[in-house]
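Below: my_file_24.pdb (PDB, C-alpha atoms, pLDDT in the B column)
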```
ATOM      1  CA  MET A   1       0.000   0.000   0.000  1.00 55.00           C
ATOM      2  CA  ALA A   2       1.442   3.370  -0.987  1.00 66.00           C
ATOM      3  CA  ASP A   3       1.924   6.222   1.464  1.00 74.00           C
ATOM      4  CA  LYS A   4      -0.889   8.149  -0.224  1.00 75.00           C
ATOM      5  CA  ASP A   5      -3.245   5.269   0.614  1.00 80.00           C
ATOM      6  CA  PHE A   6      -2.475   5.664   4.318  1.00 82.00           C
ATOM      7  CA  VAL A   7      -3.028   9.409   4.066  1.00 82.00           C
ATOM      8  CA  GLN A   8      -6.440   8.717   2.520  1.00 78.00           C
ATOM      9  CA  LEU A   9      -7.243   6.212   5.288  1.00 80.00           C
ATOM     10  CA  GLN A  10      -6.373   8.806   7.906  1.00 76.00           C
ATOM     11  CA  GLU A  11      -8.624  11.365   6.226  1.00 77.00           C
ATOM     12  CA  ASN A  12     -11.536   8.893   6.095  1.00 79.00           C
ATOM     13  CA  LEU A  13     -11.301   7.669   9.679  1.00 82.00           C
ATOM     14  CA  HIS A  14     -13.055   9.723  12.336  1.00 82.00           C
ATOM     15  CA  ASN A  15     -13.611   9.347  16.081  1.00 87.00           C
ATOM     16  CA  HIS A  16     -17.315  10.191  16.448  1.00 85.00           C
ATOM     17  CA  THR A  17     -16.878  10.470  20.222  1.00 91.00           C
ATOM     18  CA  GLU A  18     -14.860  13.666  19.683  1.00 93.00           C
ATOM     19  CA  ASP A  19     -17.915  15.287  18.102  1.00 90.00           C
ATOM     20  CA  LEU A  20     -20.180  14.190  20.942  1.00 92.00           C
ATOM     21  CA  VAL A  21     -17.741  15.342  23.629  1.00 96.00           C
ATOM     22  CA  LEU A  22     -17.142  18.761  22.066  1.00 97.00           C
ATOM     23  CA  GLU A  23     -20.876  19.340  21.532  1.00 96.00           C
ATOM     24  CA  GLU A  24     -21.702  18.334  25.104  1.00 97.00           C
ATOM     25  CA  LEU A  25     -18.773  20.330  26.553  1.00 98.00           C
ATOM     26  CA  GLU A  26     -20.072  23.453  24.805  1.00 98.00           C
ATOM     27  CA  ASN A  27     -23.609  22.729  26.028  1.00 97.00           C
ATOM     28  CA  ILE A  28     -22.550  22.229  29.649  1.00 98.00           C
ATOM     29  CA  LEU A  29     -20.232  25.253  29.744  1.00 98.00           C
ATOM     30  CA  SER A  30     -23.049  27.479  28.461  1.00 97.00           C
ATOM     31  CA  LYS A  31     -24.967  26.920  31.699  1.00 97.00           C
ATOM     32  CA  ASP A  32     -24.901  29.656  34.334  1.00 97.00           C
ATOM     33  CA  LYS A  33     -23.411  27.409  37.006  1.00 96.00           C
ATOM     34  CA  PHE A  34     -20.236  27.114  34.904  1.00 96.00           C
ATOM     35  CA  SER A  35     -19.980  30.791  33.927  1.00 94.00           C
ATOM     36  CA  HIS A  36     -16.930  31.197  36.205  1.00 94.00           C
ATOM     37  CA  VAL A  37     -14.966  28.465  34.400  1.00 96.00           C
ATOM     38  CA  CYS A  38     -12.162  29.585  32.101  1.00 96.00           C
ATOM     39  CA  GLN A  39     -12.873  28.771  28.473  1.00 96.00           C
ATOM     40  CA  CYS A  40      -9.533  29.637  26.935  1.00 95.00           C
ATOM     41  CA  GLU A  41      -8.222  27.235  24.309  1.00 95.00           C
ATOM     42  CA  GLN A  42      -5.837  25.473  26.722  1.00 96.00           C
ATOM     43  CA  CYS A  43      -8.548  24.851  29.334  1.00 97.00           C
ATOM     44  CA  LEU A  44     -11.027  23.616  26.709  1.00 97.00           C
ATOM     45  CA  LEU A  45      -8.411  21.272  25.258  1.00 97.00           C
ATOM     46  CA  ASP A  46      -7.599  19.959  28.730  1.00 97.00           C
ATOM     47  CA  MET A  47     -11.291  19.308  29.474  1.00 98.00           C
ATOM     48  CA  ALA A  48     -11.853  17.587  26.139  1.00 98.00           C
ATOM     49  CA  SER A  49      -8.652  15.523  26.438  1.00 98.00           C
ATOM     50  CA  PHE A  50      -9.494  14.438  29.986  1.00 98.00           C
ATOM     51  CA  THR A  51     -12.918  13.279  28.807  1.00 98.00           C
ATOM     52  CA  LEU A  52     -11.775  11.589  25.596  1.00 98.00           C
ATOM     53  CA  ASN A  53      -9.114   9.627  27.464  1.00 97.00           C
ATOM     54  CA  ARG A  54     -11.833   8.119  29.682  1.00 97.00           C
ATOM     55  CA  ILE A  55     -14.638   7.433  27.188  1.00 95.00           C
ATOM     56  CA  PRO A  56     -14.428   4.627  24.600  1.00 92.00           C
ATOM     57  CA  ALA A  57     -13.772   5.873  21.078  1.00 90.00           C
ATOM     58  CA  LYS A  58     -16.406   5.320  18.392  1.00 85.00           C
ATOM     59  CA  TYR A  59     -14.622   5.364  15.052  1.00 82.00           C
ATOM     60  CA  ILE A  60     -16.491   5.654  11.785  1.00 77.00           C
ATOM     61  CA  ALA A  61     -15.086   4.920   8.346  1.00 76.00           C
ATOM     62  CA  SER A  62     -18.020   5.246   5.968  1.00 67.00           C
ATOM     63  CA  HIS A  63     -21.425   6.817   5.536  1.00 62.00           C
ATOM     64  CA  THR A  64     -22.974   3.595   6.827  1.00 62.00           C
ATOM     65  CA  GLY A  65     -20.704   3.759   9.844  1.00 62.00           C
ATOM     66  CA  SER A  66     -21.729   7.358  10.367  1.00 67.00           C
ATOM     67  CA  ILE A  67     -25.400   6.391  10.483  1.00 65.00           C
ATOM     68  CA  HIS A  68     -24.658   3.563  12.910  1.00 68.00           C
ATOM     69  CA  ALA A  69     -22.618   5.893  15.126  1.00 67.00           C
ATOM     70  CA  LYS A  70     -25.445   8.448  15.113  1.00 66.00           C
ATOM     71  CA  LEU A  71     -27.851   5.779  16.315  1.00 65.00           C
ATOM     72  CA  ASN A  72     -25.444   4.874  19.090  1.00 66.00           C
ATOM     73  CA  GLU A  73     -25.284   8.551  20.012  1.00 63.00           C
ATOM     74  CA  PHE A  74     -28.752   8.179  21.460  1.00 65.00           C
ATOM     75  CA  GLU A  75     -27.775   5.373  23.779  1.00 78.00           C
ATOM     76  CA  GLN A  76     -28.660   6.943  27.072  1.00 83.00           C
ATOM     77  CA  GLN A  77     -25.906   5.378  29.169  1.00 86.00           C
ATOM     78  CA  TYR A  78     -23.190   6.467  26.730  1.00 89.00           C
ATOM     79  CA  MET A  79     -24.363  10.080  26.905  1.00 90.00           C
ATOM     80  CA  VAL A  80     -24.673   9.902  30.696  1.00 94.00           C
ATOM     81  CA  ASP A  81     -21.071   8.686  30.868  1.00 95.00           C
ATOM     82  CA  ILE A  82     -19.917  11.503  28.599  1.00 95.00           C
ATOM     83  CA  THR A  83     -21.790  14.152  30.599  1.00 97.00           C
ATOM     84  CA  SER A  84     -20.542  12.812  33.905  1.00 97.00           C
ATOM     85  CA  THR A  85     -16.943  12.680  32.702  1.00 98.00           C
ATOM     86  CA  ILE A  86     -17.121  16.181  31.219  1.00 98.00           C
ATOM     87  CA  THR A  87     -18.465  17.541  34.509  1.00 98.00           C
ATOM     88  CA  LYS A  88     -15.553  15.944  36.356  1.00 98.00           C
ATOM     89  CA  ALA A  89     -13.113  17.329  33.767  1.00 98.00           C
ATOM     90  CA  ILE A  90     -14.520  20.844  34.193  1.00 98.00           C
ATOM     91  CA  GLN A  91     -14.141  20.642  37.966  1.00 97.00           C
ATOM     92  CA  ILE A  92     -10.551  19.391  37.756  1.00 97.00           C
ATOM     93  CA  VAL A  93      -9.414  21.883  35.124  1.00 97.00           C
ATOM     94  CA  ALA A  94     -11.171  24.791  36.877  1.00 96.00           C
ATOM     95  CA  LYS A  95      -9.226  24.002  40.061  1.00 95.00           C
ATOM     96  CA  ASN A  96      -5.910  23.495  38.250  1.00 93.00           C
ATOM     97  CA  PRO A  97      -5.859  25.558  35.041  1.00 93.00           C
ATOM     98  CA  ARG A  98      -2.717  25.249  32.917  1.00 90.00           C
ATOM     99  CA  HIS A  99      -3.344  28.367  30.837  1.00 82.00           C
ATOM    100  CA  ASN A 100      -0.830  30.350  32.875  1.00 66.00           C
ATOM    101  CA  GLU A 101       1.964  27.802  32.435  1.00 58.00           C
ATOM    102  CA  LYS A 102       4.716  28.781  30.052  1.00 50.00           C
TER     103      LYS A 102
END
```
Would you write out, as structure tokens, the structure that this file holds?
Amino acid sequence: MADKDFVQLQENLHNHTEDLVLEELENILSKDKFSHVCQCEQCLLDMASFTLNRIPAKYIASHTGSIHAKLNEFEQQYMVDITSTITKAIQIVAKNPRHNEK
């Protein structure tokens, strides 16, 4: 397989969980009770990374896979786990922000 084939594979492979986590992180941080939480790029990346490292990845590689992943998106327990982990990530990062580190 040529190098260009691997580049194409990389472009066609997507972790659907990233989308779910980023959407839910934005949703949660928009609530008044989190208005005090820093939302600089470093803090947002730390919250997302914390969450993604603790939630199973859901990779999709085709349109069919995308549809299947979207159906799984509605699995209540999966979304509860994501929300719970994001909330924990927000609390941890808010107490120990790295945005001032150089």
Each segment 83-102 of chain A residue no farther than 12 Å from segment 53-58 of chain A, nearest pair in Å, all atoms listed in the file, as JSON lines:
```
{"residue": "A:Thr83", "atom": "CA", "partner": "A:Ile55", "partner_atom": "CA", "distance": 10.4}
{"residue": "A:Ser84", "atom": "CA", "partner": "A:Ile55", "partner_atom": "CA", "distance": 10.4}
{"residue": "A:Thr85", "atom": "CA", "partner": "A:Arg54", "partner_atom": "CA", "distance": 7.5}
{"residue": "A:Ile86", "atom": "CA", "partner": "A:Arg54", "partner_atom": "CA", "distance": 9.8}
{"residue": "A:Lys88", "atom": "CA", "partner": "A:Arg54", "partner_atom": "CA", "distance": 10.9}
{"residue": "A:Ala89", "atom": "CA", "partner": "A:Arg54", "partner_atom": "CA", "distance": 10.2}
```
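Across the model, the gap from atom CA of Leu52 of chain A to atom CA of Asp81 of chain A is 11.1 Å.
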Atom CA of Ile90 of chain A to atom CA of Glu23 of chain A, distance in Å rounded to a single decimal: 14.2 Å
Given all atoms listed in the file as the basis, pick out the residue of A:Leu25, A:Gln76, A:Asp3, A:Asn15 nearest to Asp46 of chain A.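 For Asp46 of chain A, the nearest of the candidates is A:Leu25.
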Which residues, written as a ChimeraX atom specification, have at least one atom at most 10 Å from Leu45 of chain A, with only C-alpha atoms counted and residues fewer than 5 positions away on the same chain left out? /A:22,39-40,50-51,93
Proximity to Ala61 of chain A - best of A:Ile82, A:Ile92, A:Leu13, A:Ala48, all atoms listed in the file: A:Leu13
Just checking: using all atoms listed in the file, which residue out of A:His16, A:Lys31, A:His36, A:Arg98 ends up closest to Ile60 of chain A?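 Result for the nearest residue to Ile60 of chain A: A:His16.
With only C-alpha atoms as the atoms that count, the minimum distance from Leu20 of chain A to the choices A:Leu44, A:Met79, A:Lys95, A:Thr87 is reached by A:Met79.
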Go ahead and fit an axis-aligned box to every listed atom of segment 27-37 of chain A plus 4 Å each side, and pass me the centre and edge lengths in Å, one decimal, as JSON.
```
{"center_x": -20.0, "center_y": 26.7, "center_z": 31.5, "size_x": 18.0, "size_y": 17.0, "size_z": 19.0}
```
